[in-house]
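Below is one structure; the comments refer to it alone.
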Number of protein chains: 4
Amino acid sequence: MIGYNFMGKAHSNAWRQAGRFFDLPAEVELRTLCGRNPAAVEKARVQLGWERAVTDWRAVIEDPEIDIVDVSTPNDTHAEIAIAALRAGKAVLCEKPLAMDVGECEAMVEAARKAKVVNMVCHNYRRIPAIALARQMIEAGELGDRIYHYRARYAQDWITDPEFPLVWRLQSKIAGSGTHGDINAHIIDLGRYLVGEFAEVCGTLETFIKQRPVLSGTGAGLSAKKGRKLGKVTVDDAVSLIGRFKSGAMASLEATRFAYGRKNHITLEINGSKGSLAFNFEDMNRLQFFSAEDPADRRGFRDILVTEGTHPYAGNWWPPGHIIGYEHTFVHTFADFVKAVVAGRSVQPTFLDGLRNQQVLEAVEQSAKTRQWVRLP
Amino acid sequence: MIGYNFMGKAHSNAWRQAGRFFDLPAEVELRTLCGRNPAAVEKARVQLGWERAVTDWRAVIEDPEIDIVDVSTPNDTHAEIAIAALRAGKAVLCEKPLAMDVGECEAMVEAARKAKVVNMVCHNYRRIPAIALARQMIEAGELGDRIYHYRARYAQDWITDPEFPLVWRLQSKIAGSGTHGDINAHIIDLGRYLVGEFAEVCGTLETFIKQRPVLSGTGAGLSAKKGRKLGKVTVDDAVSLIGRFKSGAMASLEATRFAYGRKNHITLEINGSKGSLAFNFEDMNRLQFFSAEDPADRRGFRDILVTEGTHPYAGNWWPPGHIIGYEHTFVHTFADFVKAVVAGRSVQPTFLDGLRNQQVLEAVEQSAKTRQWVRLP
Amino acid sequence: MIGYNFMGKAHSNAWRQAGRFFDLPAEVELRTLCGRNPAAVEKARVQLGWERAVTDWRAVIEDPEIDIVDVSTPNDTHAEIAIAALRAGKAVLCEKPLAMDVGECEAMVEAARKAKVVNMVCHNYRRIPAIALARQMIEAGELGDRIYHYRARYAQDWITDPEFPLVWRLQSKIAGSGTHGDINAHIIDLGRYLVGEFAEVCGTLETFIKQRPVLSGTGAGLSAKKGRKLGKVTVDDAVSLIGRFKSGAMASLEATRFAYGRKNHITLEINGSKGSLAFNFEDMNRLQFFSAEDPADRRGFRDILVTEGTHPYAGNWWPPGHIIGYEHTFVHTFADFVKAVVAGRSVQPTFLDGLRNQQVLEAVEQSAKTRQWVRLP
Amino acid sequence: MIGYNFMGKAHSNAWRQAGRFFDLPAEVELRTLCGRNPAAVEKARVQLGWERAVTDWRAVIEDPEIDIVDVSTPNDTHAEIAIAALRAGKAVLCEKPLAMDVGECEAMVEAARKAKVVNMVCHNYRRIPAIALARQMIEAGELGDRIYHYRARYAQDWITDPEFPLVWRLQSKIAGSGTHGDINAHIIDLGRYLVGEFAEVCGTLETFIKQRPVLSGTGAGLSAKKGRKLGKVTVDDAVSLIGRFKSGAMASLEATRFAYGRKNHITLEINGSKGSLAFNFEDMNRLQFFSAEDPADRRGFRDILVTEGTHPYAGNWWPPGHIIGYEHTFVHTFADFVKAVVAGRSVQPTFLDGLRNQQVLEAVEQSAKTRQWVRLP
């Protein structure tokens, strides 16, 4: 694994847990952790449970003992590392967003195509049991043969306070993007997964708080000093968009970090010609399902507690009614990835999904600039 | 209508509205309002919309123009007035509780039997559309051929504050009973309506705040004075009981006025051999229904919004999704009563239901005294 | 009252009930009901409880006994009737939408200005107690000095079935508009009421089912024949839009009649610099409130049951926890209107609000045609 | 760890994860797994990740390298093993119920007292963050100085079908107890944890389905054969009880395996003189809190999402809004246990809590037999 910050903790846990709860065709060994700072990577190695630490990612790629490379570095290094890993014949799991722009993504897709190795972009929310069940239900026709609406919202509140400082995530040079690339990307991916490809979009970006206190010192702390300097926020705080899928379904999406009380609030609703589905990540073990085929006076949204043995992934954990949490989505993703790698078959979402996602992101950005609708390729 | 306090407002409204929203076989005329205080009853007459006011209830019963007598007086006068009205051949609708004790209730049932006129005790919650639907569903076998559990709770919070004064409802001489007779009676009735007759009960009563500030002056105001006198609370604040129905189902009931945040919180859950139902009065337009016959991975409580034209009573009001409220339960009750009176047929809940309810209430009281289980007749 | 269809039932009820539950400075008499079809209007008169029926609306306007004219006719007659009534010095309450276009609305505003009489457009949802409370809370600063987001959705499902016939509401000549003008108008008005004026919008309209079975016969029934003719749907089925308020707040709105399971589902969320509010019309007695000023580890959306005596309008009905329903919003509106008429002072929402609402509606329509953002005046 | 079935999976996971997410004063090594069946225990060892497997629990207790013994065996062996481990100076963590009866529990408490080692009974639900927060809030006086009501329900549905076979949990010789000892024990413990000691109880037990299909073969499968034999169910299916705490608070508890749609549904509500708390295990990351100290018109149950850094345990996992699940409760429990063992200080719930819990369980059983109230010691 290359990179070890926020995603490092979740990824290491998933590599460790996958084989304990899923019947994998191979044993997962947490061999090498890679990071640029020798002291920090060694500390992380111990905490996260890896065998050894290195500071040059090329050492990972050149290690013939290593079959899988997990790219969890900052976004601006994804393309270079992943392409090198693909060329070295490693199976590659890359954190989202796949890369910095469509061009980089295209190069990665091309490299994956040539290398003929298993490649995956880590859109872990696809493997929330409720979301996987939603996909199964849509494929089984439970919503009918036509989808009318996909609406989704990803709302957080952690930077609503104007005194919240100018952390790296609010600086475009480091973070690459703001709310749009970081969290809107997730609900775009879920739209693609559940409904299909986007045809056209029209959106707008907003930065509500344009200047924030500069962090003193190393950036380790979050509290800003009095008599402080202000620095410019260079990413978006919120994005909203309307759009259409190629199927004709309408899309309405919104992402924000300015919705007090919403912590990691991913809400979806899909309306089809035979029924509807609704989901809220903060209650991620539940899926709401309305079927127009229920008798007229007994209809209502069914509150499905997705913890049954018959539900995707859930049976590998605990008995019905015993819920699971955030990190389990990574365990599911990584278990499926390992199975695919051993079997040598493709597993969604591939780098191509990462590219398509990036295309939608950039179309929205372009629309925000031109104030017009933009068609997807 | 005899009596015009809290229930007078709701009853007058129901008499007025019934014919506007339901196709009744006769026109309802709000003829005479009766109360002991001439000035107060005249004021109420104007406010509530009655043609004339009298101070002697016998005048109502002797009026040959009057077909229906609505007994909404304090509980200790129900028996006398209702029996006189029955003997006069009037159809009688009596507020709950039917009377002060089983003996009185028996006399009323006997009088009704002899008079052969339509008689009804006003357990209006039976005609919440969601409750009426629940009854239909149970009768249609949606919960299976066996009920395992009935649990119900009626929780309020209006006397939680020890400074809340000693109003008439907290004095047994005037109110007759406390939480048990006033609100527990409702969930006992709903249990009888939805599940069947009780076989045995074991319960306990509690008065948490034994003394409260005496109201100064006429009792019109609720705020107690400083340097105040305390008076003894002579009714129960809360009751809890366990029991069994004759069918073998278990019962668990609780009523309290000491549950902060619960305003008129009547929650029910019924579990049967094929499914479950759940209800909350504060969301009275909804009924939760779990069917074990739904496919294994698509099961969940259905949140039925009981506002469809196919639902009981709901179609007489507004289009789907436009909810109704508390007073509508009286309109439904009175509309059904008027239809029954014109048709000359019985309509539930009759005085016999009032008697059976009283038997359960008294069995719980006896159990609370003896600290043992008590069998119902 | 001129017009007596769907809104006639709700309006008549409100005129009848207002004085029963609110202390009005004048008694409301339901004098004249007006409709073009003599038999139908007479039948409606009896059912709805009016003193007399006429077929020419001019007779209403010329009646010196009449102080208030309630315009509940089809939309294309609002302007003519209302202007005539205003000129006759009547106080005018007009159903929404105020008129067919901005031009008509402007003429009505001008006529009202000249006549100096009380004028109101019937956006009844403003007087849902929870919405009125939301307004009070925002004005009191509970959400902070800055609003970031207003999102709203009005979702129904009554025409999702393609076999649902071509009723008048789906024909632009009769209905004037579809989802956009009928229901999106409500959430635009609530946005204006709660957040302020719109600055710019960008939206899109959609008609999912372009042809529907033509109703045989008189149009009274809804079931279409087999071997049926299809006719063209000439209104929109759904609309979605993004926008900005003059305050800088972002807007995201959506209205549809194609969301299975959503019956009259008006959901709002407003996020401000100190807190958030959320509302769902299908649970209209509740308001969700998140305050960032609560202690850090005790924060959460408060589920306020808006039935307390301290809440707007609620105290006029029943004790806490006894909910009210749809038609009560009209009672509140009409009670406030009567008070304003007697006092001779303005009461919101005035015809000017109707005009502003129409301006937003037309800006969205223009945007849908040009596929660009449109600025409001 | 001695024993490796259902609890073995959850316990092994917790031992493995505790040090990854909590800063422990010692490293946890999963040294020895013990079970009677050599092949099965070896298979479990590999799956669960232990270093070695043994078949005699004495080998564990005699191993000087072992500091902590985790007793996860069937209930009838808890006392013997735990007492031996205590005498050997091991810190002992014992699954609930602590033992088969009050006598065994007393012997264990006595052994722990003499051994002066850290002892804990694994009531893991105490360390659900929402429950730990509830305890903090009650201790901080958020509910006031007096608790009026504790009501709790533990509902499951896994044996509602009469065709569900006679598994070991339904046979008293093996399981020791049914619903009462298995799940009612949890809500009794939570009552003791949150409200205090019970003073008196009155309860009833029920076995709804008295005979069930005998499992053919080894008992590994759950599906019963046609033409099957029936065997007697020797444990209770459901229990309900009323009671009082020493503080005067009323208790109402219910546990059942016959509530269709309720999977692992532990619902609690506590009402105090200043507020209320409510909890549902199926939404275990949330706590509902009503404070009577909120302004009169802004009161409501706050839906606290217990995932903040300021909440107990939650900060060790993921950012706000990223929920955790069932197994995390064991991780919290074991982390606290390890800290206590290293520090040599007591940690709740101790064996004494296990004893007190058993006393309540037996009092309810006695009450069910005598049909009278039973006082606790």
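Residues are named by chain letter and number: chains run A, B, ... in the order of the structure tokens, numbers start at 1 in each chain, and ligands are numbered from 1 in the order shown.
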Based on only C-alpha atoms, which of the residues in chain C come within 10 Å of chain B? I want them as a ChimeraX atom specification.
/C:6,9-10,13,16-17,19-21,23,46-49,156-158,261-266,281-286,303-305,307-308,317-328
Output as JSON, numbers by chain all residues of stretch 144-287 of chain D that backbone DSSP marks as strand (DSSP E or B).
{"D": [147, 148, 149, 150, 151, 152, 153, 154, 155, 198, 199, 200, 201, 202, 203, 204, 205, 206, 211, 212, 213, 230, 231, 232, 238, 239, 240, 241, 242, 243, 244, 245, 250, 251, 252, 253, 254, 255, 256, 265, 266, 267, 268, 269, 270, 271, 272, 275, 276, 277, 278, 279, 280, 286, 287]}
List as a compact mmCIF listing (two decimals) with N, CA and C atoms, in the first residue's frame the protein and nucleic acid residues near C:Cys122, meaning an atom at most 8 Å away when only C-alpha atoms are counted, but skip any in the same chain fewer than 4 places from it.
```
# COMPACT_ATOMS: atom_id res chain seq x y z
N LEU C 93 -59.56 37.26 -1.99
CA LEU C 93 -58.67 36.13 -1.73
C LEU C 93 -58.67 35.30 -3.00
N CYS C 94 -57.51 35.12 -3.61
CA CYS C 94 -57.44 34.43 -4.90
C CYS C 94 -56.61 33.16 -4.79
N GLU C 95 -57.14 32.06 -5.31
CA GLU C 95 -56.37 30.81 -5.30
C GLU C 95 -55.07 31.01 -6.09
N LYS C 96 -54.10 30.22 -5.78
CA LYS C 96 -52.85 30.26 -6.54
C LYS C 96 -53.00 29.31 -7.74
N THR C 333 -55.29 30.44 7.21
CA THR C 333 -55.15 31.48 6.19
C THR C 333 -56.37 32.39 6.18
N PRO C 349 -49.64 36.20 2.10
CA PRO C 349 -49.01 36.67 0.86
C PRO C 349 -49.99 37.47 0.02
```
If we count only C-alpha atoms, what is near stretch 164-166 of chain B at a cut-off of 9 Å, once residues fewer than 4 positions away on the same chain are taken out, given as an MDAnalysis selection string?
chainID B and resid 158:160 170:171 211:215 222:224 230:233
Hey, can you spit out that residue selection with all heavy atoms as a CSV table (one decimal), in the first residue's frame?
```csv
chain,number,residue,atom,x,y,z
B,158,TRP,N,-47.7,16.1,30.7
B,158,TRP,CA,-48.2,17.5,31.1
B,158,TRP,C,-48.1,17.7,32.6
B,158,TRP,O,-48.3,18.8,33.0
B,158,TRP,CB,-49.6,17.8,30.5
B,158,TRP,CG,-50.6,16.8,30.8
B,158,TRP,CD1,-50.8,15.6,30.2
B,158,TRP,CD2,-51.7,16.9,31.8
B,158,TRP,NE1,-51.9,14.9,30.7
B,158,TRP,CE2,-52.5,15.7,31.7
B,158,TRP,CE3,-52.1,17.9,32.7
B,158,TRP,CZ2,-53.6,15.5,32.5
B,158,TRP,CZ3,-53.2,17.6,33.5
B,158,TRP,CH2,-54.0,16.5,33.4
B,159,ILE,N,-47.9,16.7,33.4
B,159,ILE,CA,-47.8,16.9,34.8
B,159,ILE,C,-46.5,16.5,35.4
B,159,ILE,O,-46.3,16.3,36.6
B,159,ILE,CB,-49.0,16.2,35.6
B,159,ILE,CG1,-49.0,14.7,35.4
B,159,ILE,CG2,-50.3,16.8,35.3
B,159,ILE,CD1,-50.0,14.0,36.3
B,160,THR,N,-45.5,16.4,34.5
B,160,THR,CA,-44.2,15.9,35.0
B,160,THR,C,-43.6,16.9,36.0
B,160,THR,O,-42.9,16.6,37.0
B,160,THR,CB,-43.2,15.7,33.8
B,160,THR,OG1,-43.9,14.9,32.9
B,160,THR,CG2,-42.0,15.0,34.3
B,170,LEU,N,-56.6,15.7,38.8
B,170,LEU,CA,-55.7,15.0,39.8
B,170,LEU,C,-56.4,14.8,41.1
B,170,LEU,O,-55.8,14.4,42.1
B,170,LEU,CB,-54.4,15.9,40.0
B,170,LEU,CG,-53.7,16.2,38.7
B,170,LEU,CD1,-52.4,16.9,39.0
B,170,LEU,CD2,-53.4,14.9,37.9
B,171,GLN,N,-57.7,15.0,41.1
B,171,GLN,CA,-58.5,14.8,42.3
B,171,GLN,C,-59.6,13.7,42.0
B,171,GLN,O,-60.5,13.9,41.2
B,171,GLN,CB,-59.2,16.1,42.7
B,171,GLN,CG,-58.2,17.3,43.0
B,171,GLN,CD,-58.8,18.6,43.2
B,171,GLN,OE1,-59.8,18.7,44.0
B,171,GLN,NE2,-58.4,19.6,42.5
B,211,GLN,N,-48.0,15.4,46.4
B,211,GLN,CA,-48.6,16.6,46.8
B,211,GLN,C,-48.3,17.7,45.7
B,211,GLN,O,-47.2,17.7,45.2
B,211,GLN,CB,-48.1,17.1,48.1
B,211,GLN,CG,-48.6,16.3,49.3
B,211,GLN,CD,-48.3,17.0,50.6
B,211,GLN,OE1,-47.2,17.4,50.8
B,211,GLN,NE2,-49.3,17.1,51.4
B,212,ARG,N,-49.3,18.5,45.5
B,212,ARG,CA,-49.1,19.6,44.5
B,212,ARG,C,-49.7,20.9,45.0
B,212,ARG,O,-50.5,20.9,45.8
B,212,ARG,CB,-49.7,19.2,43.2
B,212,ARG,CG,-49.1,18.1,42.4
B,212,ARG,CD,-49.7,17.8,41.1
B,212,ARG,NE,-49.1,16.8,40.4
B,212,ARG,CZ,-48.0,16.9,39.5
B,212,ARG,NH1,-47.5,18.1,39.4
B,212,ARG,NH2,-47.5,15.9,38.9
B,213,PRO,N,-49.2,22.0,44.4
B,213,PRO,CA,-49.7,23.3,44.8
B,213,PRO,C,-51.2,23.4,44.5
B,213,PRO,O,-51.7,23.0,43.5
B,213,PRO,CB,-49.0,24.3,43.9
B,213,PRO,CG,-47.7,23.6,43.5
B,213,PRO,CD,-48.1,22.1,43.4
B,214,VAL,N,-51.9,23.9,45.5
B,214,VAL,CA,-53.4,24.1,45.3
B,214,VAL,C,-53.6,25.4,44.5
B,214,VAL,O,-52.9,26.4,44.7
B,214,VAL,CB,-54.0,24.3,46.7
B,214,VAL,CG1,-55.5,24.7,46.6
B,214,VAL,CG2,-53.9,23.0,47.5
B,215,LEU,N,-54.5,25.3,43.6
B,215,LEU,CA,-54.8,26.4,42.7
B,215,LEU,C,-55.5,27.5,43.5
B,215,LEU,O,-56.5,27.2,44.3
B,215,LEU,CB,-55.7,26.0,41.6
B,215,LEU,CG,-55.1,25.3,40.4
B,215,LEU,CD1,-56.1,24.8,39.5
B,215,LEU,CD2,-54.2,26.4,39.7
B,222,LEU,N,-53.7,28.0,35.7
B,222,LEU,CA,-52.9,26.9,36.1
B,222,LEU,C,-51.7,27.2,36.9
B,222,LEU,O,-51.0,26.3,37.4
B,222,LEU,CB,-52.5,26.1,34.8
B,222,LEU,CG,-53.6,25.4,34.0
B,222,LEU,CD1,-53.1,24.7,32.8
B,222,LEU,CD2,-54.4,24.5,34.9
B,223,SER,N,-51.3,28.5,36.9
B,223,SER,CA,-50.1,28.8,37.6
B,223,SER,C,-50.3,28.9,39.1
B,223,SER,O,-51.2,29.5,39.6
B,223,SER,CB,-49.5,30.1,37.0
B,223,SER,OG,-50.4,31.1,37.3
B,224,ALA,N,-49.4,28.3,39.8
B,224,ALA,CA,-49.5,28.2,41.3
B,224,ALA,C,-48.8,29.4,41.9
B,224,ALA,O,-47.8,29.9,41.4
B,224,ALA,CB,-49.0,26.9,41.8
B,230,LEU,N,-50.0,23.2,49.7
B,230,LEU,CA,-49.9,21.9,48.9
B,230,LEU,C,-51.2,21.1,49.2
B,230,LEU,O,-51.7,21.1,50.3
B,230,LEU,CB,-48.7,21.1,49.3
B,230,LEU,CG,-47.4,21.7,48.9
B,230,LEU,CD1,-46.2,20.8,49.3
B,230,LEU,CD2,-47.3,21.9,47.3
B,231,GLY,N,-51.7,20.4,48.2
B,231,GLY,CA,-52.8,19.5,48.4
B,231,GLY,C,-52.5,18.1,47.9
B,231,GLY,O,-51.5,17.9,47.2
B,232,LYS,N,-53.3,17.2,48.4
B,232,LYS,CA,-52.9,15.8,48.1
B,232,LYS,C,-53.4,15.4,46.7
B,232,LYS,O,-54.6,15.6,46.3
B,232,LYS,CB,-53.6,14.9,49.1
B,232,LYS,CG,-53.0,13.5,49.2
B,232,LYS,CD,-53.6,12.6,50.2
B,232,LYS,CE,-53.1,11.2,50.1
B,232,LYS,NZ,-53.8,10.2,50.9
B,233,VAL,N,-52.6,14.7,45.9
B,233,VAL,CA,-53.0,14.1,44.7
B,233,VAL,C,-53.6,12.8,45.0
B,233,VAL,O,-53.1,12.0,45.6
B,233,VAL,CB,-51.7,13.9,43.7
B,233,VAL,CG1,-52.1,13.2,42.5
B,233,VAL,CG2,-51.0,15.2,43.4
```
Determine which residues of stretch 102-201 of chain D DSSP labels as helix (DSSP H, G or I) from the backbone of this structure, then write them out as a PyMOL selection string.
chain D and resi 102-115+124-127+129-139+168-170+172-175+179-194
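Across the structure, atom CA of D:Asn271 and atom CA of B:Val167 are spaced 22.5 Å apart.
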In Å, how far is it from atom CA of C:Leu30 to atom CA of C:His78?
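It comes out at 20.3 Å.
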Give me, as JSON, numbers by chain, all polymer residues having an atom no more than 7 Å from D:Arg52, counting only C-alpha atoms and skipping those fewer than 4 positions away in the same chain.
{"D": [31, 32, 33, 45]}
Using all heavy atoms, can you write the selected residues to a file as a compact mmCIF listing (two decimals), in the first residue's frame?
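Final file, again.txt:
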```txt
# COMPACT_ATOMS: atom_id res chain seq x y z
N ARG D 31 -3.31 -16.01 21.89
CA ARG D 31 -2.40 -17.12 22.08
C ARG D 31 -3.05 -18.48 21.89
O ARG D 31 -2.70 -19.22 20.99
CB ARG D 31 -1.79 -17.03 23.48
CG ARG D 31 -0.75 -18.11 23.72
CD ARG D 31 0.20 -17.68 24.80
NE ARG D 31 1.15 -18.73 25.12
CZ ARG D 31 2.39 -18.77 24.65
NH1 ARG D 31 2.81 -17.82 23.82
NH2 ARG D 31 3.21 -19.75 25.01
N THR D 32 -4.04 -18.80 22.71
CA THR D 32 -4.55 -20.17 22.71
C THR D 32 -6.07 -20.17 22.59
O THR D 32 -6.75 -19.47 23.33
CB THR D 32 -4.17 -20.88 24.03
OG1 THR D 32 -2.76 -20.77 24.21
CG2 THR D 32 -4.58 -22.34 23.98
N LEU D 33 -6.55 -21.01 21.69
CA LEU D 33 -7.98 -21.23 21.57
C LEU D 33 -8.27 -22.65 22.07
O LEU D 33 -7.56 -23.59 21.71
CB LEU D 33 -8.42 -21.11 20.11
CG LEU D 33 -9.93 -21.22 19.87
CD1 LEU D 33 -10.66 -20.02 20.43
CD2 LEU D 33 -10.22 -21.34 18.36
N ARG D 45 -9.38 -22.19 15.04
CA ARG D 45 -8.12 -21.47 15.31
C ARG D 45 -7.64 -20.74 14.06
O ARG D 45 -7.28 -19.56 14.10
CB ARG D 45 -7.05 -22.47 15.77
CG ARG D 45 -5.73 -21.81 16.18
CD ARG D 45 -4.60 -22.82 16.27
NE ARG D 45 -4.20 -23.32 14.96
CZ ARG D 45 -3.47 -22.63 14.07
NH1 ARG D 45 -3.05 -21.41 14.35
NH2 ARG D 45 -3.16 -23.15 12.90
```
With only C-alpha atoms as the counted atoms, please give the residues lying no more than 8 Å from stretch 124-132 of chain A, apart from itself and same-chain residues fewer than 4 positions off, as a PyMOL selection string.
chain A and resi 136+186+190+193+279+284-287+306+311-314+328-330+332-333
Prev. selection, C-alpha atoms, output as a compact mmCIF listing (two decimals), in the first residue's frame:
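The resulting file, again_13.txt, is reproduced below:
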```txt
# COMPACT_ATOMS: atom_id res chain seq x y z
CA GLN A 136 -29.86 -6.23 -7.55
CA HIS A 186 -19.42 9.53 -4.82
CA LEU A 190 -23.69 5.77 -7.38
CA TYR A 193 -23.89 2.33 -10.83
CA PHE A 279 -31.30 5.34 1.11
CA MET A 284 -26.64 2.56 5.98
CA ASN A 285 -28.06 -0.79 7.07
CA ARG A 286 -31.49 0.17 5.80
CA LEU A 287 -33.05 0.47 2.36
CA VAL A 306 -30.29 -5.17 5.20
CA HIS A 311 -28.65 -9.89 1.57
CA PRO A 312 -25.38 -9.10 -0.20
CA TYR A 313 -22.34 -9.34 2.11
CA ALA A 314 -24.44 -9.17 5.29
CA HIS A 328 -17.13 -2.84 6.24
CA THR A 329 -17.67 -1.30 2.82
CA PHE A 330 -13.92 -1.49 2.27
CA HIS A 332 -16.44 -6.02 0.91
CA THR A 333 -14.63 -4.14 -1.83
```
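Near C:Ile187, within 8 Å and counting only C-alpha atoms, sit Ala152, Arg153, Tyr154, Ile183, Asn184, Leu190, Gly191, Leu253 and Ile266 of chain C, not including residues fewer than 3 positions from it in the same chain.
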Okay, now the selection with N, CA and C atoms, as a PDB file, in the first residue's frame?
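As a result, selection-v3.pdb now contains:
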```pdb
ATOM      1  N   ALA C 152     -35.801  21.944  -1.796  1.00  0.00           N
ATOM      2  CA  ALA C 152     -37.191  21.589  -1.619  1.00  0.00           C
ATOM      3  C   ALA C 152     -37.611  20.652  -2.733  1.00  0.00           C
ATOM      4  N   ARG C 153     -38.538  19.819  -2.389  1.00  0.00           N
ATOM      5  CA  ARG C 153     -39.038  18.858  -3.370  1.00  0.00           C
ATOM      6  C   ARG C 153     -40.529  18.692  -3.136  1.00  0.00           C
ATOM      7  N   TYR C 154     -41.264  18.688  -4.213  1.00  0.00           N
ATOM      8  CA  TYR C 154     -42.693  18.424  -4.122  1.00  0.00           C
ATOM      9  C   TYR C 154     -42.929  17.215  -5.013  1.00  0.00           C
ATOM     10  N   ILE C 183     -47.461  22.583  -8.637  1.00  0.00           N
ATOM     11  CA  ILE C 183     -46.870  22.232  -7.338  1.00  0.00           C
ATOM     12  C   ILE C 183     -45.494  22.838  -7.111  1.00  0.00           C
ATOM     13  N   ASN C 184     -44.702  22.989  -8.168  1.00  0.00           N
ATOM     14  CA  ASN C 184     -43.416  23.658  -7.970  1.00  0.00           C
ATOM     15  C   ASN C 184     -43.664  25.068  -7.440  1.00  0.00           C
ATOM     16  N   LEU C 190     -42.629  28.959  -0.822  1.00  0.00           N
ATOM     17  CA  LEU C 190     -42.061  28.708   0.512  1.00  0.00           C
ATOM     18  C   LEU C 190     -40.611  29.176   0.577  1.00  0.00           C
ATOM     19  N   GLY C 191     -39.887  29.041  -0.498  1.00  0.00           N
ATOM     20  CA  GLY C 191     -38.514  29.553  -0.544  1.00  0.00           C
ATOM     21  C   GLY C 191     -38.505  31.068  -0.376  1.00  0.00           C
ATOM     22  N   LEU C 253     -34.417  22.796  -6.340  1.00  0.00           N
ATOM     23  CA  LEU C 253     -35.842  22.468  -6.260  1.00  0.00           C
ATOM     24  C   LEU C 253     -36.206  21.399  -7.266  1.00  0.00           C
ATOM     25  N   ILE C 266     -43.944  17.170   0.327  1.00  0.00           N
ATOM     26  CA  ILE C 266     -43.224  18.439   0.228  1.00  0.00           C
ATOM     27  C   ILE C 266     -42.137  18.390   1.277  1.00  0.00           C
TER      28      ILE C 266
END
```
Could you work out how far atom CA of D:Phe334 lies from atom CA of D:Tyr4, giving the answer in Å with one decimal?
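Pair atom CA of D:Tyr4 / atom CA of D:Phe334 returns 16.4 Å.
Here the question is which of C:Arg299, C:Glu365, C:Lys210, C:Val92 gets nearest to C:Pro162 using only C-alpha atoms, and that residue is C:Lys210.
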